[in-house]
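Participant: Dumping the structure here so I can ask a few things about it.
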Amino acid sequence: MTALTLSTSSAASLRADAVVVGVAKGPKGPVVAPGAEAVDKAFGGKLATVLETLGATGAEGEVTKLPAASGLKAPVVLAVGLGEAPAKGDGFDAEALRRAAGAAARALAGSKKGAFALPVEDAADAAAVAEGALLGAYAYAYDKGNSNGAKNGKDGKDAKGDKDKKNNGPLAEVALLGAKPRDKAYKAAAERATALVAEVNRARDLINTPSNVLDPASFAAAAVTAAKEHGLKTEVLDEKALTKGGYGGILGVGQGSDAPPRLVRIAYTHPKAEKTLALVGKGITYDSGGISLKPAGHNETMKCDMSGAAAVFATVVAAAKLGLRVNVTGWLALAENMPSGSATRPGDVLSMYSGKTVEVLNTDAEGRLVLADALTRACEEKPDAIVDVATLTGAMVLALGNRTFGIMSNDDAFRTALHEIADEVGEASWPMPLPADLRKSIESPVADLANMGERMGGGLVAGIFLKEFVEDGIAWGHLDIAGPAFNESGPFGYTPKGGTGSAVRTLVRLAERTADGDLG
Ligand code: BES
Ligand code: MN
Ligand code: ZN
């Protein structure tokens with residue numbers, strides 16, 4: 001991963017491939033943001049004018065590269081847009097800093113060192129710049145030598161045959177200027193950013209890994225390996241144990257695949273913890289739709305259908321790295337949804353782990369089946385709160401678009417808290433209802449429930465189905481990340497193409513707030 005260093009040097013004297021400065025949209029054209037004074041001075045105080053001449057406006061995400069003036073150690077100045085300049089006396093908001101730093105880091109892909117001279121007034125600003133830059137510097141590299149795919153050689157080349165990956169590797173080092181390296185708050189901010197981004201990137205890597213390499217067994221193995229490294233406890237239920245335990249939902253989804261399902265429990269505990277948070281992730285390593293097969297055009301990105309499990313896994317490891325005073329138990333419901341002679345048919349009835357029966361009307365509504373079993377199991381341990389994360393419905397993407405996840409809950413205050421936490425970390429989300437009238441659409445003539453109901457409000461119907469498997473009295477939240485989990489268009493801000501690591505930052509903040517006791 002990209003290294004982060006805190007530097008006390010001036011922007012003029014630090015040796016780097018480029019010095020990054022901020023430019024904001026002022027009332028009369030672009031204005032150079034604080035932090036870049038030394039750079040502006042090297043341009044005779046005319047950096048804003050030079051930038052305007054080059055067409056820069058300060059718009060969010062805009063990147064302008066120019067040759068450095070004499071007196072600067074870096075050969076290139078990279079000006080990145082911060083959007084509207086804040087009102088006098090106000091600082092830039094954290095998300096504007098994150099996005100600008102991310103856009104700059106992306107523009108520096110392939111370079112060794114970027115000196116970030118963005119506006120940093122306090123440790124929170126430093127955290128935002130560090131986080132944005134490190135998140136933006138991500139690049140996924142498929143590694144043939146590192147994969148367990150049967151068809152892959154061990155020649156150390158990536159899928160593009162690019163042996164040393166020197167072409168487009170991420171920016172190697174982010175030097176953060178304006179921070180105080182000896183100040184505790186800045187040091188803590190840098191350490192948190194490094195740990196947090198490493199875990200967001202863990203989720204991104206898992207999501208981007210093709211389904212012929214990442215199947216339920218190899219996903220579970222990755223969790224066991226990471227758990228050993230970070231002192232976490234794991235339990236893996238394989239298909240035999242799942243059968244013995246009566247996990248009909250997970251088994252029913254996984255039975256059509258040659259790669260059998262798994263349920264992983266990965267737990268972080270703190271000796272002085274007062275609260276336990278349970279996190280449940282949908283981990284469909286590939287969603288073909290099963291017998292209710294998805295048409296071409298709807299299955300190309302379905303390796304991303306384990307994004308919820310990836311976010312949960314990453315969050316548990318992050319909690320351990322940060323040493324949070326809270327117990328965090330992750331449940332990864334892993335299966336591959338495939339059509340075959342052994343697959344579940346539409347019309348089949350599954351006996352779930354909870355004891356309820358479910359008529360499978362559509363095998364493509366598989367996420368709620370694996371989650372139902374994992375939710376029931378998670379509730380047995382009586383956590384103080386439980387949050388599931390899932391790329392659950394296309395309906396949620398239709399409702400909220402590609403960048404916003406939906407939040408549902410059995411507890412209004414908890415839903416509001418989750419929404420506020422997501423806002424705080426810069427993840428777009430919106431509260432969604434669980435209207436009681438939709439419940440009747442999942443009634444079945446032959447079973448306790450059907451796995452599909454009314455098409456209208458399909459994301460809410462899925463939420464209502466899940467609620468049936470949550471014990472009354474436990475605060476439960478459901479994040480439907482089908483939109484933001486996987487970015488099919490171009491990169492923006494600190495968000496790369498492909499797996500985004502959606503929900504990791506929200507969940508880590510939730511764990512921190514639970515540890516701090518400021519959540520009910
Ligand atoms: N994994 C999909 C949902 C999805 C859609 C994720 C688009 C990411 C992007 C899920 O398993 C699914 O197929 N849901 C169905 C449910 C329906 C059959 C009730 C859907 O949304 O169409
Ligand atoms: Mn599906
Ligand atoms: Zn799915």
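Note on naming: chains are A, B, ... as they come in the structure tokens, residues start from 1 per chain, ligands start from 1 in the order shown.
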Under the rule of at most 6 Å, produce a per-residue listing of range 482-520 of chain A near range 315-332 of chain A: chain, number, name, the closest pair of atoms, and the distance in Å, as a Markdown table, using only C-alpha atoms.

Facilitator:
```
| residue | atom | partner | partner_atom | distance |
| --- | --- | --- | --- | --- |
| A:Val504 | CA | A:Thr315 | CA | 5.8 |
| A:Val508 | CA | A:Thr315 | CA | 5.6 |
| A:Ala515 | CA | A:Val326 | CA | 4.8 |
```

Participant: Show me which residues are within 9 Å of ligand 1 counting only C-alpha atoms and all ligand atoms, and format the list as a PyMOL selection string.

Facilitator: chain A and resi 284+286-289+292+294+298-299+301-302+304-306+337+361-368+390-397+451-455+458-459+461-462+480-486

Participant: Taking the DSSP secondary structure from the backbone, can you list the residues of range 38-256 of chain A that are strand (DSSP E or B), as a VMD selection string?

Facilitator: chain A and resid 63 to 67 76 to 84 113 to 117 143 158 173 to 177 233 to 237

Participant: What lies within 12 Å of Thr53 in chain A using only C-alpha atoms, ignoring chain neighbours under 3 positions off, as a CSV table (one decimal) with C-alpha atoms, in the first residue's frame?

Facilitator:
```
chain,number,residue,atom,x,y,z
A,29,GLY,CA,-12.3,33.1,-10.3
A,30,PRO,CA,-10.0,30.5,-8.9
A,46,LYS,CA,0.5,34.9,-9.2
A,47,LEU,CA,-0.4,31.2,-9.0
A,48,ALA,CA,-4.1,31.9,-9.1
A,49,THR,CA,-3.7,34.0,-12.2
A,50,VAL,CA,-1.5,31.4,-13.9
A,56,ALA,CA,-8.6,26.2,-14.0
A,57,THR,CA,-11.8,27.2,-12.1
A,64,THR,CA,-4.3,21.1,-13.5
A,66,LEU,CA,2.0,22.9,-14.5
```

Participant: Please identify all polymer residues within 8 Å of Asn487 in chain A, counting only C-alpha atoms, omitting same-chain residues fewer than 6 positions from it, and present them as a short mmCIF file (atom, residue, chain, number, x, y, z; two decimals) with all heavy atoms, in the first residue's frame.

Facilitator:
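Below you can see result_27.cif, which holds the result:
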```cif
data_model
loop_
_atom_site.label_atom_id
_atom_site.label_comp_id
_atom_site.auth_asym_id
_atom_site.auth_seq_id
_atom_site.Cartn_x
_atom_site.Cartn_y
_atom_site.Cartn_z
N ASN A 402 -26.42 5.06 -8.18
CA ASN A 402 -25.21 4.26 -8.06
C ASN A 402 -24.29 4.65 -6.92
O ASN A 402 -23.27 4.01 -6.71
CB ASN A 402 -24.41 4.34 -9.36
CG ASN A 402 -25.01 3.47 -10.44
OD1 ASN A 402 -25.39 2.33 -10.17
ND2 ASN A 402 -25.12 4.00 -11.64
N THR A 495 -12.74 7.47 -5.24
CA THR A 495 -13.41 6.21 -5.57
C THR A 495 -12.88 5.64 -6.89
O THR A 495 -12.98 6.28 -7.92
CB THR A 495 -14.93 6.44 -5.69
OG1 THR A 495 -15.39 7.05 -4.47
CG2 THR A 495 -15.67 5.13 -5.90
N PRO A 496 -12.32 4.44 -6.83
CA PRO A 496 -11.79 3.84 -8.05
C PRO A 496 -12.89 3.19 -8.88
O PRO A 496 -14.03 3.06 -8.43
CB PRO A 496 -10.83 2.77 -7.52
CG PRO A 496 -11.46 2.32 -6.23
CD PRO A 496 -12.12 3.56 -5.66
N LYS A 497 -12.54 2.78 -10.07
CA LYS A 497 -13.41 1.92 -10.86
C LYS A 497 -13.45 0.56 -10.15
O LYS A 497 -12.52 0.21 -9.44
CB LYS A 497 -12.75 1.75 -12.23
CG LYS A 497 -13.68 1.36 -13.34
CD LYS A 497 -12.93 1.36 -14.67
CE LYS A 497 -13.70 0.56 -15.72
NZ LYS A 497 -15.08 1.04 -15.93
N GLY A 498 -14.54 -0.19 -10.29
CA GLY A 498 -14.62 -1.52 -9.69
C GLY A 498 -15.04 -1.47 -8.23
O GLY A 498 -15.79 -0.57 -7.82
N GLY A 499 -14.55 -2.40 -7.45
CA GLY A 499 -14.91 -2.49 -6.03
C GLY A 499 -14.54 -1.21 -5.30
O GLY A 499 -13.44 -0.68 -5.44
N THR A 500 -15.50 -0.69 -4.50
CA THR A 500 -15.26 0.61 -3.84
C THR A 500 -14.95 0.49 -2.35
O THR A 500 -14.41 1.42 -1.76
CB THR A 500 -16.50 1.51 -3.96
OG1 THR A 500 -17.59 0.87 -3.28
CG2 THR A 500 -16.88 1.74 -5.42
#
```

Participant: From the options A:Leu334, A:Ala378, A:Ile407, A:Val425, which residue's atoms come nearest to ligand 3, counting only C-alpha atoms and all ligand atoms?

Facilitator: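 Between A:Leu334, A:Ala378, A:Ile407, A:Val425, the residue approaching ligand 3 most closely is A:Leu334.
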
Participant: Please give the complete set of residues from range 116-359 of chain A that DSSP, run on the backbone, assigns to alpha helix (DSSP H), formatted as a ChimeraX atom specification.

Facilitator: /A:123-136,184-208,216-230,239-245,248-254,307-322

Participant: Show which residues sit within 10 Å of Val224 in chain A, as a list in words. Count only C-alpha atoms, and ignore same-chain residues fewer than 2 positions away.

Facilitator: Ser218, Phe219, Ala220, Ala221, Ala222, Ala226, Ala227, Lys228, Glu229, Leu232, Lys233, Thr234, Glu235, Val236, Val264, Arg265 and Ile266 of chain A

Participant: Measuring between only C-alpha atoms and all ligand atoms, which one of A:Leu438, A:Ala217, A:Ala333, A:Ala511 shows the shortest distance to ligand 3?

Facilitator: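 For ligand 3, the nearest of the given residues is A:Ala333.
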
Participant: So how many Å separate CA of Gln255 in chain A and CA of Ala203 in chain A, to one decimal?

Facilitator: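 That distance, rounded to one decimal, is 25.7 Å.
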
Participant: Of the residues A:Leu78, A:Ala278, A:Ala24, A:Ala141, which is the one nearest to Leu507 in chain A, using only C-alpha atoms?

Facilitator: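 Smallest separation from Leu507 in chain A among the options: A:Ala278.
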
Participant: Would you pick out the contacts of Ser257 in chain A at 9 Å or less, using only C-alpha atoms, so that residues sharing its chain but fewer than 3 positions from it are not included, and give the list as a VMD selection string?

Facilitator: chain A and resid 253 to 254 260 to 261 335 to 340 342 to 343

Participant: May I ask for the distance between CA of Ala417 in chain A and CA of Val197 in chain A, given in Å to one decimal place?

Facilitator: 22.7 Å

Participant: May I have the residues within 9 Å of Ala422 in chain A as a list in words, using only C-alpha atoms and disregarding those fewer than 6 positions away in the same chain?

Facilitator: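 In the requested form, the answer reads Ala428, Ser429, Ala503, Arg505, Thr506, Leu507, Arg509 and Leu510 of chain A.
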